[in-house]
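J.: Just target05.cif, nothing more (mmCIF, C-alpha atoms):
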data_query
loop_
_atom_site.label_atom_id
_atom_site.label_comp_id
_atom_site.auth_asym_id
_atom_site.auth_seq_id
_atom_site.Cartn_x
_atom_site.Cartn_y
_atom_site.Cartn_z
CA MET P 1 -68.37 11.50 66.86
CA HIS P 2 -64.76 11.03 67.33
CA SER P 3 -62.98 7.70 67.24
CA ARG P 4 -60.41 6.61 69.58
CA PRO P 5 -56.86 6.77 68.59
CA GLY P 6 -55.39 3.44 67.32
CA CYS P 7 -58.80 1.99 66.54
CA LYS P 8 -60.32 1.73 63.16
CA ALA P 9 -63.93 2.28 62.64
CA LYS P 10 -65.94 -0.67 61.47
CA ASP P 11 -66.89 -0.64 57.84
CA PRO P 12 -70.62 -1.04 57.74
CA GLY P 13 -70.46 -2.59 54.20
CA ARG P 14 -67.90 -5.37 54.90
CA THR P 15 -68.78 -8.76 56.52
CA MET P 16 -66.70 -9.71 59.41
CA SER P 17 -64.63 -13.03 58.91
CA PRO P 18 -65.53 -15.93 61.24
CA ASP P 19 -63.49 -16.88 64.14
CA PRO P 20 -60.28 -18.79 63.09
CA ILE P 21 -61.00 -21.59 65.59
CA ILE P 22 -64.37 -22.32 64.06
CA ALA P 23 -62.84 -22.35 60.55
CA ASP P 24 -60.15 -24.82 61.60
CA ALA P 25 -62.78 -27.10 63.12
CA ARG P 26 -64.75 -27.18 59.89
CA VAL P 27 -61.64 -28.05 57.86
CA TRP P 28 -60.76 -30.89 60.27
CA ILE P 29 -64.25 -32.32 60.13
CA ILE P 30 -64.31 -32.21 56.35
CA GLY P 31 -60.83 -33.81 56.16
CA THR P 32 -61.86 -36.54 58.59
CA VAL P 33 -64.92 -37.38 56.49
CA VAL P 34 -62.83 -37.49 53.31
CA VAL P 35 -60.19 -39.74 54.92
CA PHE P 36 -62.92 -42.06 56.24
CA LEU P 37 -64.53 -42.33 52.84
CA LEU P 38 -61.17 -43.00 51.19
CA SER P 39 -60.32 -45.64 53.82
CA PHE P 40 -63.68 -47.34 53.27
CA ALA P 41 -63.21 -47.35 49.51
CA VAL P 42 -59.67 -48.70 49.81
CA ALA P 43 -60.77 -51.38 52.27
CA ARG P 44 -63.58 -52.47 49.91
CA TRP P 45 -61.83 -52.52 46.56
CA LEU P 46 -58.20 -53.20 47.43
CA PRO P 47 -58.70 -57.07 47.72
CA ASP P 48 -60.27 -57.12 44.27
CA LEU P 49 -57.35 -55.20 42.85
CA MET P 50 -54.88 -57.51 44.60
CA THR P 51 -56.71 -60.63 43.33
CA SER P 52 -56.84 -59.41 39.75
CA SER P 53 -53.20 -58.38 39.79
CA PRO P 54 -51.05 -60.53 37.43
CA ASP P 55 -48.40 -60.65 40.20
CA ASN P 56 -50.68 -62.93 42.26
CA VAL P 57 -51.28 -65.45 39.46
CA SER P 58 -49.39 -68.71 39.97
CA LYS P 59 -46.58 -68.91 37.53
CA PRO P 60 -45.47 -72.25 35.98
CA SER P 61 -42.46 -73.75 37.66
CA ALA P 62 -39.20 -74.32 35.85
CA GLY P 63 -39.16 -77.41 33.67
CA THR P 64 -42.95 -77.27 33.06
CA SER P 65 -44.02 -75.81 29.75
CA THR P 66 -47.49 -74.29 29.58
CA SER P 67 -49.09 -73.25 26.37
CA THR P 68 -52.03 -71.45 27.94
CA SER P 69 -52.68 -70.52 31.60
CA GLU P 70 -56.38 -70.47 32.26
CA VAL P 71 -57.40 -68.64 35.40
CA THR P 72 -60.85 -69.31 36.65
CA THR P 73 -62.03 -67.01 39.39
CA THR P 74 -64.78 -68.12 41.65
CA SER P 75 -66.72 -65.16 42.91
CA LEU P 76 -68.28 -65.08 46.32
CA GLU P 77 -71.60 -63.42 46.71
CA GLN P 78 -71.75 -60.80 49.46
CA SER P 79 -74.99 -60.15 51.23
CA ASP P 80 -76.29 -56.60 51.14
CA ASN P 81 -77.20 -56.85 54.77
CA SER P 82 -73.66 -57.85 55.81
CA LEU P 83 -72.19 -55.59 58.43
CA SER P 84 -68.61 -56.63 57.66
CA VAL P 85 -66.52 -53.84 56.23
CA THR P 86 -63.77 -56.06 54.74
CA PRO P 87 -65.14 -58.74 52.32
CA LYS P 88 -63.50 -62.16 51.99
CA PRO P 89 -60.82 -62.25 49.28
CA LEU P 90 -61.55 -64.12 46.07
CA ILE P 91 -59.75 -67.46 45.62
CA PRO P 92 -58.20 -67.90 42.19
CA ILE P 93 -58.23 -71.43 40.65
CA VAL P 94 -55.42 -72.05 38.23
CA ILE P 95 -55.50 -75.00 35.79
CA ARG P 96 -52.42 -75.61 33.67
CA ARG P 97 -52.18 -77.74 30.55
CA SER P 98 -48.85 -79.41 30.10
CA THR P 99 -47.62 -79.70 26.53
CA SER P 100 -44.21 -81.06 27.34
CA PRO P 101 -43.82 -84.88 27.35
CA ASN P 102 -41.17 -84.47 30.08
CA ALA P 103 -43.42 -82.61 32.49
CA GLU P 104 -42.92 -83.79 36.05
CA VAL P 105 -46.50 -83.15 37.17
CA ALA P 106 -49.39 -84.38 35.06
CA ASP P 107 -51.98 -81.63 34.60
CA VAL P 108 -55.65 -82.40 34.63
CA PRO P 109 -57.16 -81.85 31.17
CA PRO P 110 -60.57 -80.26 30.77
CA GLN P 111 -63.47 -82.62 31.12
CA THR P 112 -64.37 -82.24 27.48
CA GLU P 113 -60.94 -83.51 26.44
CA ILE P 114 -61.10 -86.72 28.48
CA SER P 115 -61.85 -89.56 26.15
CA SER P 116 -62.49 -93.19 26.99
CA PRO P 117 -59.65 -95.56 26.17
CA ALA P 118 -59.85 -97.15 22.79
CA VAL P 119 -61.14 -100.70 22.89
CA THR P 120 -59.61 -102.99 20.33
CA ALA P 121 -61.82 -105.91 19.38
CA PRO P 122 -59.87 -109.16 19.15
CA GLU P 123 -59.70 -110.80 15.80
CA SER P 124 -62.22 -113.53 15.34
CA VAL P 125 -60.71 -116.94 15.82
CA SER P 126 -62.33 -119.98 14.35
CA THR P 127 -63.21 -122.47 17.05
CA VAL P 128 -63.25 -125.34 14.60
CA THR P 129 -59.71 -126.43 13.88
CA THR P 130 -58.66 -129.12 11.50
CA PRO P 131 -56.56 -131.74 13.29
CA GLN P 132 -53.09 -132.19 11.92
CA GLN P 133 -52.71 -135.41 10.00
CA LEU P 134 -50.36 -137.84 11.69
CA ASP P 135 -47.20 -138.87 9.92
CA LEU P 136 -47.04 -142.64 10.17
CA ARG P 137 -43.32 -142.59 9.43
CA GLU P 138 -42.84 -141.34 12.99
CA THR P 139 -42.67 -144.16 15.51
CA GLU P 140 -45.01 -142.68 18.12
CA ASN P 141 -47.68 -141.88 15.54
CA ALA P 142 -47.45 -145.37 14.06
CA LYS P 143 -47.76 -146.92 17.52
CA ARG P 144 -50.87 -144.88 18.22
CA VAL P 145 -52.58 -145.99 15.02
CA GLN P 146 -51.47 -149.63 15.44
CA GLN P 147 -52.83 -149.76 18.97
CA ARG P 148 -56.18 -148.46 17.79
CA LEU P 149 -56.30 -151.10 15.06
CA ILE P 150 -55.46 -153.74 17.66
CA ASP P 151 -58.27 -152.51 19.92
CA LEU P 152 -60.75 -152.78 17.06
CA GLY P 153 -59.58 -156.29 16.14
CA PHE P 154 -57.99 -155.49 12.79
CA LEU P 155 -54.40 -155.95 13.95
CA PHE P 156 -52.86 -158.54 16.21
CA GLY P 157 -49.61 -158.57 18.09
CA ALA P 158 -47.75 -155.64 19.62
CA ALA P 159 -47.69 -152.03 18.45
CA ASP P 160 -44.01 -151.72 17.52
CA GLY P 161 -44.15 -148.41 15.60
CA ASN P 162 -42.96 -150.05 12.37
CA TRP P 163 -45.56 -149.18 9.75
CA GLY P 164 -45.12 -152.13 7.43
CA GLN P 165 -47.22 -154.42 5.33
CA ARG P 166 -48.98 -155.97 8.32
CA SER P 167 -50.17 -152.56 9.51
CA ARG P 168 -51.18 -151.45 6.02
CA ARG P 169 -53.26 -154.59 5.57
CA ALA P 170 -55.01 -154.01 8.87
CA LEU P 171 -55.71 -150.41 7.87
CA GLN P 172 -57.09 -151.62 4.56
CA GLU P 173 -59.50 -153.93 6.35
CA PHE P 174 -60.55 -151.13 8.66
CA ARG P 175 -61.32 -148.83 5.74
CA ALA P 176 -63.34 -151.52 3.99
CA ALA P 177 -65.31 -152.38 7.12
CA ASN P 178 -66.16 -148.70 7.73
CA GLY P 179 -67.04 -147.85 4.14
CA ILE P 180 -64.15 -145.44 3.57
CA GLY P 181 -62.47 -147.20 0.67
CA GLU P 182 -60.71 -150.32 -0.47
CA GLY P 183 -57.06 -149.25 -0.29
CA ASP P 184 -54.69 -148.66 2.62
CA THR P 185 -54.51 -144.89 2.09
CA TRP P 186 -53.92 -142.84 5.24
CA ASP P 187 -55.82 -139.56 4.91
CA GLU P 188 -57.82 -137.14 7.06
CA ALA P 189 -61.07 -139.08 6.67
CA THR P 190 -59.41 -142.33 7.78
CA GLN P 191 -57.69 -140.64 10.72
CA GLU P 192 -60.91 -138.98 11.85
CA ARG P 193 -62.84 -142.23 11.63
CA LEU P 194 -60.20 -144.35 13.34
CA LEU P 195 -59.04 -142.07 16.15
CA ARG P 196 -61.99 -139.80 16.91
CA ALA P 197 -65.24 -141.31 15.71
CA ARG P 198 -67.23 -143.08 18.39
CA GLY P 199 -69.01 -145.29 15.90
CA ALA P 200 -65.95 -146.87 14.30
CA LYS P 201 -66.77 -150.45 13.40
CA ALA P 202 -64.65 -153.19 14.86
CA ALA P 203 -63.59 -156.26 12.99
CA ASN P 204 -66.04 -159.13 12.86
CA THR P 205 -63.86 -162.11 13.66
CA SER P 206 -66.50 -164.45 14.95
CA ASP P 207 -67.05 -166.16 11.61
CA VAL P 208 -63.59 -165.61 10.09
CA SER P 209 -61.23 -168.54 10.55
CA PHE P 210 -58.89 -170.71 8.53
CA ILE P 211 -60.14 -173.82 10.29
CA GLY P 212 -62.29 -176.04 8.14
CA GLY P 213 -62.29 -177.88 4.86
CA TRP P 214 -61.01 -176.23 1.67
CA GLY P 215 -60.71 -177.21 -1.95
CA ILE P 216 -59.84 -175.81 -5.36
CA ASP P 217 -63.51 -176.16 -6.25
CA LEU P 218 -66.57 -177.97 -5.04
CA ALA P 219 -65.56 -181.13 -6.93
CA GLU P 220 -62.34 -181.30 -4.97
CA CYS P 221 -64.28 -180.70 -1.80
CA ARG P 222 -66.20 -183.89 -2.55
CA ASP P 223 -63.12 -185.93 -3.45
CA SER P 224 -60.18 -184.88 -1.26
CA PRO P 225 -60.57 -181.62 0.59
CA ILE P 226 -57.78 -179.92 2.53
CA LYS P 227 -58.44 -180.26 6.22
CA ILE P 228 -57.02 -177.51 8.43
CA THR P 229 -57.21 -177.42 12.21
CA ALA P 230 -55.62 -175.12 14.76
CA ARG P 231 -52.56 -177.40 14.94
CA ARG P 232 -52.07 -178.86 11.45
CA ALA P 233 -53.07 -178.98 7.80
CA GLU P 234 -53.36 -182.17 5.75
CA ALA P 235 -54.09 -182.93 2.07
CA PHE P 236 -52.94 -185.20 -0.77
CA GLY P 237 -50.66 -187.23 1.50
CA THR P 238 -48.82 -184.17 2.80
CA ALA P 239 -49.12 -182.71 6.34
CA CYS P 240 -47.86 -179.52 7.97
CA GLU P 241 -47.52 -179.20 11.73
CA PHE P 242 -47.93 -175.62 13.02
CA ASN P 243 -45.25 -174.63 15.51
CA SER P 244 -46.42 -171.05 15.99
CA THR P 245 -49.43 -169.04 14.92
CA GLN P 246 -49.57 -165.26 14.90
CA ARG P 247 -52.64 -163.33 13.92
CA GLU P 248 -51.77 -160.14 12.07
CA SER P 249 -55.26 -158.82 11.46
CA SER P 250 -58.85 -159.91 11.55
CA ASN P 251 -58.39 -162.32 8.64
CA VAL P 252 -54.63 -162.76 8.30
CA TRP P 253 -52.41 -165.24 10.13
CA ARG P 254 -48.75 -166.08 9.90
CA LEU P 255 -47.60 -169.59 10.78
CA ARG P 256 -44.32 -171.42 11.09
CA ALA P 257 -44.70 -175.05 10.12
CA GLU P 258 -42.82 -178.27 9.54
CA CYS P 259 -44.15 -180.01 6.49
CA ALA P 260 -43.56 -183.56 5.26
CA SER P 261 -44.62 -185.75 2.38
CA LYS P 262 -43.83 -189.33 1.51
CA THR P 263 -40.52 -188.22 -0.04
CA GLU P 264 -39.34 -185.04 1.75
CA ARG P 265 -39.51 -182.78 4.74
CA TRP P 266 -39.16 -178.96 4.85
CA ASN P 267 -39.86 -175.89 6.97
CA ALA P 268 -42.47 -173.45 5.72
CA ASN P 269 -43.51 -169.90 6.53
CA ILE P 270 -47.20 -169.90 5.75
CA ARG P 271 -49.57 -166.98 5.49
CA PHE P 272 -53.31 -167.49 5.60
CA THR P 273 -55.74 -164.84 4.36
CA ALA P 274 -59.25 -166.02 5.13
CA SER P 275 -62.84 -164.92 4.70
CA THR P 276 -66.12 -166.68 5.21
CA SER P 277 -65.86 -168.39 1.82
CA LYS P 278 -62.25 -168.22 0.63
CA LEU P 279 -58.73 -168.99 1.86
CA THR P 280 -55.46 -167.89 0.32
CA TRP P 281 -52.46 -170.05 1.21
CA SER P 282 -49.08 -168.41 0.63
CA SER P 283 -45.62 -169.86 1.33
CA GLU P 284 -42.17 -170.12 -0.23
CA ARG P 285 -43.61 -172.62 -2.71
CA GLY P 286 -46.33 -170.34 -4.06
CA THR P 287 -49.83 -169.03 -3.50
CA THR P 288 -53.09 -170.90 -3.95
CA THR P 289 -56.67 -169.79 -3.31
CA TYR P 290 -59.27 -172.27 -2.04
CA VAL P 291 -63.01 -172.15 -1.47
CA ARG P 292 -64.64 -173.27 1.72
CA CYS P 293 -66.18 -176.66 1.47
CA PRO P 294 -69.62 -177.46 2.81
CA MET P 295 -69.63 -179.19 6.14
CA ALA P 296 -70.68 -182.54 4.70
CA SER P 297 -67.88 -182.57 2.17
CA ALA P 298 -65.30 -181.41 4.69
CA SER P 299 -66.16 -184.19 7.07
CA ARG P 300 -65.37 -186.96 4.64
#
Mind converting the file's structure to structure tokens?

T.:
Amino acid sequence: MHSRPGCKAKDPGRTMSPDPIIADARVWIIGTVVVFLLSFAVARWLPDLMTSSPDNVSKPSAGTSTSTSEVTTTSLEQSDNSLSVTPKPLIPIVIRRSTSPNAEVADVPPQTEISSPAVTAPESVSTVTTPQQLDLRETENAKRVQQRLIDLGFLFGAADGNWGQRSRRALQEFRAANGIGEGDTWDEATQERLLRARGAKAANTSDVSFIGGWGIDLAECRDSPIKITARRAEAFGTACEFNSTQRESSNVWRLRAECASKTERWNANIRFTASTSKLTWSSERGTTTYVRCPMASASR
């Protein structure tokens, strides 16, 4: 058998190559599948790569010093049945701790580092305070004490703020009547009793008076007692007329008198200190103590 000129006989042992069009179609299909798979992978994992990138982490602004930048990433769960190709991007939460005292923005510390403010207990203060003792050399203090003695009947006259013998005598009588002591000492116990105690005893002046009959002793009371009234005193041929009478305390009086005897006349400043049974007469001419005469003897 003769072959045609210009044509080669087919080799029965060699496979004939496919059509070039079919080969190009296969390559295009394969390439398209590869590109689709790469696009899907890029679309799925690119947000994660972008979120984890250090370029997307918030950097501290100038003037704010941070010792440690803690990045807390909140993950979002994606449902397996979701038909969305592109998942939602993850939202980074950045918490900064400021270590600079000059930081302009106060950072929120972790919850474990928040401590309750320290509570300082106030120092115990004693509710019982000792009152300050008054200085009677000061006029206002002396007036206060004098007025109280006047109210209780131990002092008579006006509270002038002059703490003299008249005031000391009244204080002495107050102390004796209230069982504090016999002297005229001004101390905390006396001040407390006089100014603050509700049960301070007042002077008993109902039975204290210089009016009556007096004598050196009972024998004199029988013979010639001294008779004293509110206006005059008379004894042994001598009489004193009282021009003024001032009560200084519950048992003390001061009197101005004009006295006269058979031979002379004189002015006297008399001071009476009386009790229920005794009378002390003091003047420029001396001091004498008398006893109270019984009523029968005094009336003679």

J.: For CA of Thr276 in chain P and CA of Val208 in chain P, quote the distance in Å rounded to one decimal.

T.: 5.6 Å

J.: Would you translate the PyMOL selection byres ((chain P and resi 202) around 12) into the concrete set of residues it matches in this file, as a ChimeraX atom specification?

T.: /P:148-155,170-171,173-178,193-194,197-201,203-206,249-250

J.: Which is closest to Ile228 in chain P among P:Ile211, P:Ala274, P:Ala189, P:Val252, if we use all atoms listed in the file?

T.: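 Residue with the minimum atom-to-atom distance to Ile228 in chain P: P:Ile211.
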
J.: Work out how far apart CA of Ser224 in chain P and CA of Cys293 in chain P are and give it in Å to one decimal.

T.: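 Rounded to one decimal, the two atoms are 10.5 Å apart.
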
J.: Find, counting only C-alpha atoms, the residue in P:Ser261, P:Ser277, P:Asn162, P:Gln246 that gets nearest to Gly212 in chain P.

T.: P:Ser277

J.: Return the single residue from P:Ala159, P:Leu255, P:Leu38, P:Ala23 that is closest to Glu140 in chain P, with distances computed using only C-alpha atoms.

T.: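 Of P:Ala159, P:Leu255, P:Leu38, P:Ala23, the one nearest Glu140 in chain P is P:Ala159, counting only C-alpha atoms.
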
J.: For Ala260 in chain P, list every protein, DNA or RNA residue within 10 Å, evaluated using all atoms listed in the file, and leave out those in the same chain fewer than 4 positions away; present the list as a PyMOL selection string.

T.: chain P and resi 234+237-241+264-267

J.: Report, in Å with one decimal, the straight-line distance from CA of Ser282 in chain P to CA of Arg256 in chain P.

T.: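 So the two atoms, CA of Ser282 in chain P and CA of Arg256 in chain P, lie 11.9 Å apart.
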
J.: Of the candidates P:Trp186, P:Arg222, P:Gln191, P:Arg247, which shows the shortest atom-to-atom distance to Arg137 in chain P, using only C-alpha atoms?

T.: P:Trp186

J.: Mind listing whatever residues come within 8 Å of the point (-53.6, -139.0, 5.5)? Use all atoms listed in the file, file coordinates, and give them as a compact mmCIF listing (two decimals) with C-alpha atoms, in the frame of the given file.

T.:
# COMPACT_ATOMS: atom_id res chain seq x y z
CA GLN P 133 -52.71 -135.41 10.00
CA LEU P 134 -50.36 -137.84 11.69
CA ASP P 135 -47.20 -138.87 9.92
CA THR P 185 -54.51 -144.89 2.09
CA TRP P 186 -53.92 -142.84 5.24
CA ASP P 187 -55.82 -139.56 4.91
CA GLU P 188 -57.82 -137.14 7.06
CA ALA P 189 -61.07 -139.08 6.67
CA THR P 190 -59.41 -142.33 7.78
CA GLN P 191 -57.69 -140.64 10.72

J.: Kindly reconstruct range 151-162 of chain P with all heavy atoms and present the result as a compact mmCIF listing (two decimals), keeping the file's coordinate frame.

T.:
# COMPACT_ATOMS: atom_id res chain seq x y z
N ASP P 151 -57.09 -152.59 19.07
CA ASP P 151 -58.27 -152.51 19.92
C ASP P 151 -59.53 -152.86 19.15
O ASP P 151 -60.48 -153.44 19.73
CB ASP P 151 -58.39 -151.10 20.51
CG ASP P 151 -57.25 -150.77 21.47
OD1 ASP P 151 -56.58 -151.71 21.96
OD2 ASP P 151 -57.01 -149.56 21.70
N LEU P 152 -59.57 -152.51 17.87
CA LEU P 152 -60.75 -152.78 17.06
C LEU P 152 -60.73 -154.18 16.44
O LEU P 152 -61.69 -154.56 15.77
CB LEU P 152 -60.89 -151.73 15.96
CG LEU P 152 -61.19 -150.30 16.44
CD1 LEU P 152 -61.18 -149.33 15.26
CD2 LEU P 152 -62.52 -150.23 17.17
N GLY P 153 -59.64 -154.92 16.63
CA GLY P 153 -59.58 -156.29 16.14
C GLY P 153 -59.10 -156.45 14.71
O GLY P 153 -59.24 -157.53 14.13
N PHE P 154 -58.51 -155.37 14.15
CA PHE P 154 -57.99 -155.49 12.79
C PHE P 154 -56.51 -155.85 12.76
O PHE P 154 -56.00 -156.28 11.73
CB PHE P 154 -58.19 -154.16 12.03
CG PHE P 154 -59.63 -153.83 11.77
CD1 PHE P 154 -60.33 -152.96 12.59
CD2 PHE P 154 -60.30 -154.42 10.70
CE1 PHE P 154 -61.65 -152.66 12.35
CE2 PHE P 154 -61.63 -154.13 10.45
CZ PHE P 154 -62.31 -153.25 11.29
N LEU P 155 -55.83 -155.68 13.88
CA LEU P 155 -54.40 -155.95 13.95
C LEU P 155 -54.12 -156.75 15.20
O LEU P 155 -54.74 -156.54 16.25
CB LEU P 155 -53.61 -154.63 13.97
CG LEU P 155 -52.08 -154.73 13.93
CD1 LEU P 155 -51.60 -155.35 12.62
CD2 LEU P 155 -51.45 -153.34 14.10
N PHE P 156 -53.18 -157.67 15.08
CA PHE P 156 -52.86 -158.54 16.21
C PHE P 156 -51.36 -158.47 16.47
O PHE P 156 -50.56 -158.26 15.55
CB PHE P 156 -53.30 -159.98 15.91
CG PHE P 156 -54.79 -160.12 15.75
CD1 PHE P 156 -55.39 -159.90 14.52
CD2 PHE P 156 -55.58 -160.44 16.83
CE1 PHE P 156 -56.75 -160.03 14.36
CE2 PHE P 156 -56.96 -160.57 16.68
CZ PHE P 156 -57.54 -160.36 15.44
N GLY P 157 -51.00 -158.68 17.71
CA GLY P 157 -49.61 -158.57 18.09
C GLY P 157 -49.37 -157.28 18.86
O GLY P 157 -50.29 -156.67 19.41
N ALA P 158 -48.13 -156.84 18.88
CA ALA P 158 -47.75 -155.64 19.62
C ALA P 158 -47.62 -154.45 18.67
O ALA P 158 -47.27 -154.61 17.50
CB ALA P 158 -46.44 -155.87 20.36
N ALA P 159 -47.88 -153.27 19.21
CA ALA P 159 -47.69 -152.03 18.45
C ALA P 159 -46.22 -151.65 18.54
O ALA P 159 -45.77 -151.12 19.55
CB ALA P 159 -48.58 -150.92 19.00
N ASP P 160 -45.46 -151.93 17.48
CA ASP P 160 -44.01 -151.72 17.52
C ASP P 160 -43.57 -150.41 16.86
O ASP P 160 -42.39 -150.07 16.88
CB ASP P 160 -43.29 -152.90 16.86
CG ASP P 160 -43.78 -153.15 15.43
OD1 ASP P 160 -44.59 -152.34 14.93
OD2 ASP P 160 -43.37 -154.16 14.84
N GLY P 161 -44.50 -149.67 16.26
CA GLY P 161 -44.15 -148.41 15.60
C GLY P 161 -43.57 -148.57 14.22
O GLY P 161 -43.24 -147.57 13.57
N ASN P 162 -43.47 -149.79 13.73
CA ASN P 162 -42.96 -150.05 12.37
C ASN P 162 -44.15 -150.20 11.44
O ASN P 162 -44.85 -151.22 11.46
CB ASN P 162 -42.10 -151.31 12.36
CG ASN P 162 -41.50 -151.58 10.99
OD1 ASN P 162 -41.43 -150.69 10.14
ND2 ASN P 162 -41.08 -152.82 10.77
